[in-house]
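Student: I'm passing along my_file24.txt; it holds compact mmCIF, C-alpha atoms.
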```txt
# COMPACT_ATOMS: atom_id res chain seq x y z
CA MET A 962 17.03 7.74 -6.03
CA SER A 963 20.52 7.63 -4.52
CA VAL A 964 23.34 10.09 -5.22
CA GLU A 965 25.19 7.24 -6.89
CA ASP A 966 22.31 6.72 -9.31
CA GLN A 967 21.95 10.44 -10.01
CA GLN A 968 25.64 10.87 -10.70
CA SER A 969 25.65 8.10 -13.24
CA GLY A 970 24.26 10.35 -15.95
CA GLU A 971 22.94 7.28 -17.75
CA ASP A 972 19.37 6.18 -18.32
CA LEU A 973 18.15 2.67 -18.93
CA ASP A 974 18.25 2.99 -22.72
CA GLN A 975 21.92 3.92 -22.66
CA GLU A 976 22.81 1.17 -20.22
CA PHE A 977 21.18 -1.63 -22.16
CA ASP A 978 24.11 -1.59 -24.61
CA ALA A 979 26.63 -2.04 -21.81
CA VAL A 980 26.01 -5.54 -20.49
CA PRO A 981 28.24 -6.22 -17.46
CA GLU A 982 30.54 -9.19 -17.44
CA PRO A 983 30.02 -11.63 -14.57
CA SER A 984 32.51 -11.10 -11.79
CA VAL A 985 35.61 -13.22 -12.08
CA ASP A 986 35.48 -13.82 -8.34
CA ASP A 987 31.90 -15.08 -8.37
CA HIS A 988 32.84 -18.79 -8.37
CA THR A 989 36.20 -18.76 -6.61
CA GLU A 990 34.67 -19.18 -3.17
CA ASP A 991 32.83 -22.36 -4.19
CA ASP A 992 36.00 -23.78 -5.75
CA THR A 993 38.02 -22.95 -2.64
CA GLU A 994 35.48 -24.60 -0.38
CA ASP A 995 35.64 -27.80 -2.49
CA ASP A 996 39.46 -27.82 -2.27
CA ASP A 997 39.33 -27.32 1.51
CA THR A 998 36.98 -30.27 1.88
CA ASP A 999 39.33 -32.54 -0.10
CA ASP A 1000 42.30 -31.43 1.99
CA ASP A 1001 40.44 -32.18 5.20
CA ASP A 1002 39.61 -35.69 3.99
CA THR A 1003 43.26 -36.35 3.05
CA ASP A 1004 44.65 -35.13 6.38
CA ALA A 1005 42.32 -37.23 8.52
CA ALA A 1006 44.10 -40.19 10.19
CA PRO A 1007 42.70 -43.52 8.90
CA SER A 1008 42.86 -45.14 12.37
CA GLN A 1009 40.71 -42.47 14.04
CA ALA A 1010 37.09 -43.53 14.60
CA PRO A 1011 34.41 -40.84 14.51
CA VAL A 1012 33.32 -39.64 17.92
CA PRO A 1013 29.52 -39.53 18.28
CA THR A 1014 28.53 -35.97 19.22
CA GLY A 1015 24.80 -35.89 18.51
CA PRO A 1016 22.81 -35.50 15.30
CA PRO A 1017 24.88 -35.37 12.08
CA THR A 1018 25.99 -31.89 11.19
CA GLY A 1019 24.24 -30.31 8.21
CA VAL A 1020 20.90 -31.98 8.98
CA MET A 1021 18.22 -29.28 9.10
CA SER A 1022 15.44 -29.24 11.62
CA ALA A 1023 11.84 -29.75 10.52
CA GLU A 1024 11.21 -26.06 11.10
CA ARG A 1025 14.12 -25.03 8.90
CA LEU A 1026 13.05 -27.46 6.19
CA ALA A 1027 9.55 -25.96 6.21
CA ILE A 1028 10.97 -22.44 5.86
CA LYS A 1029 13.21 -23.52 2.99
CA ALA A 1030 10.32 -25.25 1.20
CA LEU A 1031 8.10 -22.19 1.56
CA GLU A 1032 10.83 -19.90 0.23
CA SER A 1033 11.39 -22.15 -2.78
CA LYS A 1034 7.66 -22.09 -3.55
CA LEU A 1035 7.42 -18.31 -3.22
CA LEU A 1036 10.63 -17.47 -5.08
CA GLY A 1037 10.18 -20.03 -7.82
CA GLY A 1038 13.18 -22.14 -6.89
CA GLU A 1039 16.39 -22.13 -4.91
CA ARG A 1040 18.55 -19.01 -4.71
CA LYS A 1041 21.40 -19.71 -7.13
CA LEU A 1042 22.23 -16.39 -8.78
CA ARG A 1043 24.20 -13.35 -7.73
CA ARG A 1044 23.14 -9.85 -8.69
CA ARG A 1045 25.70 -9.52 -11.49
CA GLU A 1046 24.48 -12.76 -13.06
CA VAL A 1047 20.86 -11.60 -12.94
CA ALA A 1048 21.72 -8.20 -14.43
CA ALA A 1049 23.82 -9.81 -17.17
CA GLY A 1050 21.05 -12.26 -17.96
CA ALA A 1051 18.60 -9.36 -18.33
CA GLY A 1052 21.09 -7.47 -20.50
CA VAL A 1053 21.59 -4.43 -18.27
CA SER A 1054 24.13 -2.96 -15.91
CA ILE A 1055 24.06 -3.42 -12.16
CA LEU A 1056 23.01 0.24 -11.87
CA SER A 1057 19.87 -0.32 -13.93
CA ALA A 1058 18.99 -3.49 -12.07
CA ARG A 1059 19.42 -1.77 -8.72
CA LYS A 1060 17.03 1.01 -9.76
CA VAL A 1061 14.34 -1.59 -10.33
CA TRP A 1062 15.11 -3.54 -7.15
CA ARG A 1063 15.05 -0.39 -5.05
CA ALA A 1064 11.72 0.60 -6.58
CA LEU A 1065 10.36 -2.82 -5.55
CA GLY A 1066 11.66 -2.23 -2.02
CA PHE A 1067 14.37 -4.91 -2.02
CA PRO A 1068 17.37 -4.55 0.32
CA ASN A 1069 20.86 -4.02 -1.01
CA PHE A 1070 22.79 -7.16 -1.95
CA ASN A 1071 26.53 -7.50 -2.34
CA ASP A 1072 28.26 -9.09 -5.30
CA GLU A 1073 28.89 -12.28 -3.35
CA ASP A 1074 25.32 -12.73 -2.08
CA VAL A 1075 23.54 -15.66 -3.72
CA ALA A 1076 20.14 -14.03 -3.37
CA PHE A 1077 18.26 -14.48 -6.66
CA THR A 1078 16.45 -17.11 -8.69
CA GLU A 1079 15.66 -17.41 -12.39
CA ARG A 1080 12.25 -15.90 -11.67
CA ASP A 1081 14.00 -12.74 -10.45
CA GLN A 1082 15.81 -12.52 -13.76
CA ALA A 1083 12.59 -13.02 -15.74
CA ALA A 1084 10.79 -10.34 -13.73
CA LEU A 1085 13.64 -7.87 -14.21
CA SER A 1086 13.61 -8.52 -17.95
CA SER A 1087 9.83 -8.01 -18.10
CA ILE A 1088 10.09 -4.56 -16.55
CA LEU A 1089 13.03 -3.47 -18.69
CA ASP A 1090 11.47 -4.81 -21.91
CA LEU A 1091 8.68 -2.26 -21.50
CA VAL A 1092 11.31 0.49 -21.72
CA ARG A 1093 13.24 -1.19 -24.53
CA ALA A 1094 10.06 -1.47 -26.60
CA GLY A 1095 9.24 2.20 -26.03
CA ILE A 1096 5.98 1.35 -24.23
CA LEU A 1097 7.11 3.14 -21.06
CA THR A 1098 9.75 5.73 -20.32
CA GLU A 1099 12.31 4.88 -17.66
CA GLU A 1100 10.64 7.27 -15.23
CA ALA A 1101 7.20 5.74 -15.79
CA ALA A 1102 8.55 2.19 -15.47
CA ILE A 1103 10.22 2.98 -12.16
CA SER A 1104 7.09 4.72 -10.85
CA VAL A 1105 4.83 1.81 -11.81
CA THR A 1106 7.30 -0.64 -10.30
CA ARG A 1107 7.43 1.36 -7.07
CA SER A 1108 3.63 1.27 -6.85
CA ILE A 1109 3.72 -2.52 -7.03
CA GLY A 1110 6.46 -2.77 -4.43
CA GLN A 1111 4.82 -0.45 -1.92
CA MET A 1112 1.29 -1.78 -2.26
CA THR A 1113 2.27 -5.46 -2.09
CA ASP A 1114 4.53 -4.79 0.90
CA ARG A 1115 1.62 -3.29 2.85
CA MET A 1116 -0.70 -6.06 1.66
CA VAL A 1117 1.67 -8.82 2.80
CA VAL A 1118 2.08 -7.29 6.28
CA TRP A 1119 -1.71 -6.99 6.57
CA GLN A 1120 -2.27 -10.61 5.52
CA ILE A 1121 0.37 -12.07 7.82
CA GLU A 1122 -0.94 -10.17 10.83
CA ALA A 1123 -4.52 -11.20 10.01
CA LEU A 1124 -3.53 -14.87 9.79
CA VAL A 1125 -1.51 -14.73 13.01
CA GLU A 1126 -4.37 -13.01 14.83
CA ASP A 1127 -6.79 -15.66 13.59
CA MET A 1128 -4.53 -18.50 14.78
CA VAL A 1129 -4.10 -16.92 18.22
CA SER A 1130 -7.85 -16.45 18.57
CA GLU A 1131 -8.98 -19.82 17.20
CA GLN A 1132 -6.25 -22.09 18.59
CA GLY A 1133 -5.53 -20.27 21.85
CA ILE A 1134 -1.79 -20.26 21.23
CA PRO A 1135 0.72 -17.48 22.01
CA ASP A 1136 1.51 -14.93 19.31
CA ALA A 1137 5.11 -16.10 18.94
CA VAL A 1138 4.00 -19.72 18.44
CA ALA A 1139 1.42 -18.67 15.83
CA ARG A 1140 4.08 -16.82 13.85
CA LYS A 1141 6.22 -19.96 13.67
CA GLN A 1142 3.29 -22.18 12.75
CA LEU A 1143 2.30 -19.77 9.98
CA VAL A 1144 5.19 -21.12 7.89
CA GLY A 1145 3.48 -24.51 7.71
CA ARG A 1146 0.06 -23.03 7.00
CA LEU A 1147 0.99 -20.70 4.14
CA PRO A 1148 1.80 -23.25 1.39
CA SER A 1149 -1.85 -24.29 1.24
CA LEU A 1150 -2.95 -20.64 0.93
CA VAL A 1151 -0.46 -19.14 -1.52
CA ASP A 1152 -2.08 -20.23 -4.79
CA SER A 1153 -5.56 -19.09 -3.74
CA LEU A 1154 -4.28 -15.74 -2.43
CA GLU A 1155 -2.34 -15.17 -5.64
CA GLU A 1156 -5.40 -15.97 -7.75
CA ILE A 1157 -7.56 -13.54 -5.77
CA LEU A 1158 -4.84 -10.88 -6.02
CA VAL A 1159 -4.71 -11.06 -9.83
CA TYR A 1160 -8.52 -11.13 -10.03
CA SER A 1161 -8.84 -8.08 -7.77
CA TYR A 1162 -6.09 -6.21 -9.64
CA ARG A 1163 -7.88 -6.58 -12.95
CA ARG A 1164 -11.23 -5.51 -11.47
CA GLN A 1165 -9.65 -2.54 -9.72
CA LEU A 1166 -7.72 -1.55 -12.85
CA ASN A 1167 -10.93 -1.54 -14.87
CA ALA A 1168 -12.71 0.56 -12.23
CA GLY A 1169 -9.73 2.91 -12.01
CA VAL A 1170 -9.70 3.48 -15.77
CA GLN A 1171 -13.39 4.40 -15.63
CA ARG A 1172 -12.90 6.82 -12.72
CA LEU A 1173 -9.61 8.40 -13.68
CA ALA A 1174 -9.84 8.46 -17.48
CA VAL A 1175 -13.27 7.82 -19.00
CA ARG A 1176 -15.33 9.98 -16.59
CA ALA A 1177 -12.68 12.55 -15.64
CA GLU A 1178 -13.87 15.21 -18.09
CA ALA A 1179 -17.50 14.89 -16.98
CA GLY A 1180 -16.41 15.46 -13.38
CA LEU A 1181 -14.55 18.64 -14.28
CA GLN A 1182 -17.54 19.97 -16.19
CA ALA A 1183 -19.79 19.26 -13.21
CA SER A 1184 -17.44 21.18 -10.93
CA GLU A 1185 -17.69 24.40 -12.94
CA GLU A 1186 -20.87 25.61 -11.23
CA GLY A 1187 -20.18 28.30 -8.67
CA ARG A 1188 -16.54 28.70 -9.66
CA GLU A 1189 -14.90 31.81 -11.09
CA GLY A 1190 -11.83 30.04 -12.51
CA ASP A 1191 -9.24 31.69 -10.27
CA GLU A 1192 -9.52 29.25 -7.36
CA ASP A 1193 -6.34 27.70 -5.98
CA ASP A 1194 -7.37 24.26 -7.23
CA SER A 1195 -8.44 25.33 -10.73
CA PRO A 1196 -5.37 23.87 -12.57
CA LEU A 1197 -5.80 20.42 -11.01
CA PRO A 1198 -7.02 17.61 -13.28
CA LEU A 1199 -9.70 15.77 -11.29
CA ALA A 1200 -12.96 16.84 -9.63
CA ARG A 1201 -13.77 14.85 -6.49
CA ALA A 1202 -15.68 14.94 -3.24
CA VAL A 1203 -12.98 14.63 -0.58
CA GLY A 1204 -13.91 13.51 2.91
CA PHE A 1205 -12.31 12.87 6.28
CA ALA A 1206 -13.69 10.91 9.23
CA ASP A 1207 -11.89 11.27 12.55
CA LEU A 1208 -12.63 9.26 15.71
CA VAL A 1209 -13.32 11.40 18.78
CA SER A 1210 -11.08 10.92 21.86
CA TYR A 1211 -8.98 8.25 20.17
CA THR A 1212 -5.74 9.36 21.85
CA SER A 1213 -7.14 9.15 25.38
CA LEU A 1214 -8.84 5.83 24.61
CA SER A 1215 -5.63 4.29 23.22
CA ARG A 1216 -3.79 5.13 26.44
CA ARG A 1217 -6.28 3.12 28.50
CA MET A 1218 -6.38 0.06 26.23
CA ASN A 1219 -4.11 -2.93 26.01
CA GLU A 1220 -2.59 -3.99 22.72
CA LYS A 1221 -5.30 -6.49 21.82
CA THR A 1222 -8.21 -4.16 22.58
CA LEU A 1223 -6.64 -1.29 20.67
CA ALA A 1224 -6.03 -3.53 17.65
CA GLN A 1225 -9.66 -4.63 17.69
CA LEU A 1226 -10.86 -1.01 17.90
CA VAL A 1227 -8.71 0.11 14.96
CA GLN A 1228 -9.75 -2.91 12.89
CA ARG A 1229 -13.45 -2.33 13.65
CA PHE A 1230 -13.11 1.33 12.68
CA GLU A 1231 -11.30 0.58 9.40
CA ASN A 1232 -13.64 -2.26 8.44
CA LYS A 1233 -16.77 -0.19 9.02
CA CYS A 1234 -15.35 2.79 7.10
CA ALA A 1235 -14.24 0.60 4.18
CA GLU A 1236 -17.69 -1.02 3.96
CA ILE A 1237 -19.61 2.25 3.99
CA ILE A 1238 -17.30 3.97 1.51
CA SER A 1239 -17.44 0.99 -0.85
CA VAL A 1240 -21.24 0.72 -0.70
CA GLY A 1241 -21.45 4.45 -1.42
CA GLY A 1242 -19.36 4.07 -4.57
CA GLY A 1243 -16.37 5.92 -3.15
CA ARG A 1244 -12.75 4.94 -2.60
CA LEU A 1245 -10.87 4.73 0.68
CA VAL A 1246 -7.61 6.52 -0.07
CA LYS A 1247 -5.84 5.75 3.20
CA THR A 1248 -6.19 5.31 6.93
CA VAL A 1249 -3.92 7.06 9.42
CA GLY A 1250 -4.56 5.71 12.89
CA ASP A 1251 -7.91 7.18 13.93
CA GLU A 1252 -8.65 8.93 10.63
CA VAL A 1253 -9.74 7.88 7.14
CA LEU A 1254 -9.47 9.85 3.90
CA TYR A 1255 -11.93 8.98 1.14
CA ILE A 1256 -13.15 10.35 -2.19
CA ALA A 1257 -16.27 10.08 -4.36
CA GLU A 1258 -17.04 11.14 -7.91
CA THR A 1259 -19.99 13.46 -7.18
CA PRO A 1260 -20.99 15.83 -4.35
CA ALA A 1261 -24.11 13.73 -3.66
CA ALA A 1262 -22.14 10.48 -3.39
CA GLY A 1263 -19.66 12.15 -1.04
CA ALA A 1264 -22.51 13.55 1.06
CA GLU A 1265 -24.22 10.15 1.35
CA ILE A 1266 -21.00 8.48 2.46
CA SER A 1267 -20.25 11.23 4.97
CA LEU A 1268 -23.69 11.09 6.57
CA ALA A 1269 -23.57 7.29 6.73
CA LEU A 1270 -20.19 7.40 8.48
CA ALA A 1271 -21.37 9.93 11.07
CA GLN A 1272 -24.52 7.90 11.76
CA ALA A 1273 -22.74 4.54 11.93
CA PHE A 1274 -20.31 5.64 14.62
CA THR A 1275 -22.96 7.47 16.58
CA GLU A 1276 -24.94 4.21 16.76
CA ASP A 1277 -21.95 1.92 17.35
CA GLU A 1278 -21.93 0.42 20.84
CA ILE A 1279 -18.14 0.06 21.02
CA LEU A 1280 -16.56 2.83 18.97
CA PRO A 1281 -16.75 6.52 19.86
CA GLN A 1282 -18.42 9.07 17.60
CA CYS A 1283 -16.51 10.62 14.74
CA ARG A 1284 -16.19 14.06 13.19
CA VAL A 1285 -16.73 14.14 9.44
CA SER A 1286 -16.07 16.72 6.74
CA MET A 1287 -16.49 16.77 2.96
CA VAL A 1288 -15.43 19.23 0.27
CA TRP A 1289 -16.22 19.15 -3.47
CA GLY A 1290 -13.30 20.46 -5.51
CA ARG A 1291 -10.32 19.60 -7.68
CA ILE A 1292 -7.40 17.41 -6.72
CA LEU A 1293 -4.14 15.92 -7.95
CA SER A 1294 -3.91 12.12 -7.75
CA ARG A 1295 -0.37 10.79 -7.45
CA LEU A 1296 1.37 7.78 -5.89
CA GLY A 1297 -1.96 6.36 -4.71
CA ASP A 1298 -2.66 9.49 -2.65
CA ILE A 1299 -4.42 12.80 -3.33
CA TYR A 1300 -3.19 16.37 -2.96
CA GLY A 1301 -4.34 19.96 -3.27
CA PRO A 1302 -6.23 22.73 -1.45
CA THR A 1303 -9.45 20.69 -1.49
CA VAL A 1304 -7.79 17.99 0.61
CA ASN A 1305 -6.32 20.54 3.01
CA LEU A 1306 -9.64 22.34 3.49
CA ALA A 1307 -11.45 19.07 4.20
CA ALA A 1308 -8.84 18.24 6.85
CA ARG A 1309 -9.29 21.68 8.48
CA LEU A 1310 -13.08 21.33 8.52
CA THR A 1311 -12.82 18.02 10.36
CA THR A 1312 -11.30 19.75 13.37
CA LEU A 1313 -14.24 22.22 13.44
CA ALA A 1314 -16.99 19.60 13.27
CA GLN A 1315 -18.85 18.53 16.39
CA PRO A 1316 -18.89 14.79 17.23
CA GLY A 1317 -21.47 12.97 15.14
CA THR A 1318 -21.85 15.77 12.58
CA VAL A 1319 -20.70 16.50 9.02
CA LEU A 1320 -19.33 19.87 7.89
CA VAL A 1321 -18.97 21.08 4.29
CA ASP A 1322 -17.77 24.39 2.85
CA ALA A 1323 -19.98 27.00 1.16
CA MET A 1324 -19.18 25.89 -2.40
CA THR A 1325 -20.00 22.26 -1.60
CA ALA A 1326 -23.23 23.39 0.06
CA ALA A 1327 -24.15 25.28 -3.13
CA ALA A 1328 -23.56 22.14 -5.20
CA LEU A 1329 -25.95 20.19 -2.91
CA GLY A 1330 -28.47 22.99 -2.43
CA GLN A 1331 -31.10 21.70 -4.89
CA ASP A 1332 -30.98 18.09 -3.67
CA ASP A 1333 -33.82 17.39 -1.21
CA ARG A 1334 -31.96 14.39 0.20
CA PHE A 1335 -29.84 16.85 2.18
CA VAL A 1336 -30.44 19.62 4.69
CA LEU A 1337 -27.84 22.39 4.90
CA VAL A 1338 -27.48 24.47 8.07
CA PRO A 1339 -25.04 27.44 7.89
CA GLN A 1340 -22.64 27.76 10.84
CA LYS A 1341 -20.77 30.76 12.14
CA SER A 1342 -17.78 31.92 10.09
CA GLU A 1343 -14.39 30.58 11.06
CA ASN A 1344 -10.87 31.81 10.42
CA VAL A 1345 -8.93 28.80 9.15
CA ARG A 1346 -5.18 28.69 8.81
CA GLY A 1347 -4.16 28.84 5.15
CA PHE A 1348 -7.67 29.73 3.95
CA GLY A 1349 -8.67 32.83 5.89
CA GLU A 1350 -12.36 33.26 6.67
CA ILE A 1351 -14.57 30.37 5.59
CA HIS A 1352 -18.29 29.68 6.01
CA PRO A 1353 -18.88 26.12 7.23
CA VAL A 1354 -22.23 24.48 6.65
CA MET A 1355 -23.55 21.50 8.61
CA LEU A 1356 -24.86 18.70 6.41
CA ALA A 1357 -27.85 16.70 7.67
CA ARG A 1358 -30.23 14.06 6.32
CA GLY A 1359 -33.20 15.24 4.25
CA ARG A 1360 -35.53 12.96 2.30
CA GLY A 1361 -34.70 9.34 1.62
CA LYS A 1362 -33.08 6.55 3.61
CA GLY A 1363 -29.50 7.24 2.63
CA LEU A 1364 -27.07 4.40 2.08
CA VAL A 1365 -28.47 0.95 2.75
CA LEU A 1366 -25.94 -1.43 4.27
CA ASP A 1367 -26.60 -5.16 4.16
```
Please rewrite the model in this file as structure tokens.
Tutor:
Amino acid sequence: MSVEDQQSGEDLDQEFDAVPEPSVDDHTEDDTEDDDTDDDDTDAAPSQAPVPTGPPTGVMSAERLAIKALESKLLGGERKLRRREVAAGAGVSILSARKVWRALGFPNFNDEDVAFTERDQAALSSILDLVRAGILTEEAAISVTRSIGQMTDRMVVWQIEALVEDMVSEQGIPDAVARKQLVGRLPSLVDSLEEILVYSYRRQLNAGVQRLAVRAEAGLQASEEGREGDEDDSPLPLARAVGFADLVSYTSLSRRMNEKTLAQLVQRFENKCAEIISVGGGRLVKTVGDEVLYIAETPAAGAEISLALAQAFTEDEILPQCRVSMVWGRILSRLGDIYGPTVNLAARLTTLAQPGTVLVDAMTAAALGQDDRFVLVPQKSENVRGFGEIHPVMLARGRGKGLVLD
């Protein structure tokens, strides 16, 4: 939040009563332009014939028309409103509106910018009505709005790049040409993509409620075994198996690859990780270049995912092997990410693992000790920054087939 917002000393509830008046200057520019046009027509000499200079001015190219049509479809109409008009229509001050727009990731607009449509006003009102009705606090509303802005921004970039890559590959056209042609292709895709987005959101929301609310207490109870209650992660609200998978020699490989080959390697790595984690009932928290962070609800589920990842990359003919680690402990889940000592320890263990192997800590090994699907091999003690001496244990396959991928 900016210094300007912090200094305001007003929250949304207070600002709702102070509806801003539309700027007096908002329409003067349009009026002036109309007057100028009339003056130009009056001053023109009647005997002068127009000199042909090419296509009539003001006629847009086919490309520009396609861009304008796509924008109108996506924004719900033509941009006709300035920010003060949108804020006034929603019944709030510019300051309140800007808080919401910044949370969504929108750029700053000036008073004279005609940048909004009626759909923008309706969306702003929908967010603020949740606060007015007392359903959400201002802080919660802004946080939820920011989650939507950040996730959809990443999603849109992903989708555009995927479509461009597909056009380059299938049509054999240059990247720059594909990006221009995408404008004409998108209108036929928007409605279907939007429908899938809403469908997926509802499914994911239902699954998230089950994981993060309904079964949260059971996970904490299951994590009690082997704990004394004074661990660094003991105050944290969720019990999870936290894992990392890190590609071996990624940096040196990336230096020898061209852009296309590197993109294919990263995409293959992410796709394979996402598939294995999903089949194992876990959740891929994030990818950072050559590394993925994932979680599962039980030590056994985390172990199955970890072993499957190590095996998959050992057997892959294109990708290098990966180092994998997994720790069962307590975490804090915020902003779509996870935090806490459990996460940090899992990251440290990844650097100690040999290529193609999985390392866990002693407490995780104890939680898996009675499960004959796993074999646990103690390793030599290691001094780990931030944790002191730890006792890594290598996790290997015991009885059973492990995860079965279609």
Student: What's the 12 Å shell around Val1129 (chain A), counting only C-alpha atoms, without same-chain residues fewer than 3 positions away, as a tab-separated table (two decimals) with C-alpha atoms, in the frame of the given file?
Tutor:
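Written file, out-v2.tsv:
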```tsv
chain	number	residue	atom	x	y	z
A	1122	GLU	CA	-0.94	-10.17	10.83
A	1123	ALA	CA	-4.52	-11.20	10.01
A	1124	LEU	CA	-3.53	-14.87	9.79
A	1125	VAL	CA	-1.51	-14.73	13.01
A	1126	GLU	CA	-4.37	-13.01	14.83
A	1132	GLN	CA	-6.25	-22.09	18.59
A	1133	GLY	CA	-5.53	-20.27	21.85
A	1134	ILE	CA	-1.79	-20.26	21.23
A	1135	PRO	CA	0.72	-17.48	22.01
A	1136	ASP	CA	1.51	-14.93	19.31
A	1137	ALA	CA	5.11	-16.10	18.94
A	1138	VAL	CA	4.00	-19.72	18.44
A	1139	ALA	CA	1.42	-18.67	15.83
A	1140	ARG	CA	4.08	-16.82	13.85
A	1141	LYS	CA	6.22	-19.96	13.67
A	1142	GLN	CA	3.29	-22.18	12.75
A	1143	LEU	CA	2.30	-19.77	9.98
A	1221	LYS	CA	-5.30	-6.49	21.82
```
Student: For CA of Ser1087 (chain A) and CA of Glu1073 (chain A), quote the distance in Å rounded to one decimal.
Tutor: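 Separation between CA of Ser1087 (chain A) and CA of Glu1073 (chain A): 24.5 Å.
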Student: Tell me which of A:Ala1262, A:Ala1101, A:Ala1049, A:Ile1055 sits closest to Leu1364 (chain A), counting all atoms listed in the file.
Tutor: A:Ala1262
Student: Could you tell me how far CA of Val1159 (chain A) lies from CA of Glu1231 (chain A), in Å and to one decimal?
Tutor: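 The value is 23.4 Å.
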Student: Looking at A:Cys1283, A:Leu1085, A:Ile1299, A:Ile1103, which one is nearest to Leu1197 (chain A), with distances taken over all atoms listed in the file?
Tutor: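 Ranked by minimum distance to Leu1197 (chain A), first place goes to A:Ile1299.
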Student: Between CA of Gly1290 (chain A) and CA of Ser1239 (chain A), what is the spacing in Å?
Tutor: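 Atom-to-atom, CA of Ser1239 (chain A) to CA of Gly1290 (chain A), that is 20.4 Å.
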Student: With distances taken over all atoms listed in the file, which residue among A:Pro1353, A:Arg1044, A:Leu1166, A:Ser1149 lies nearest Asp1074 (chain A)?
Tutor: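 Looking at the shortest contact to Asp1074 (chain A), the residue is A:Arg1044.
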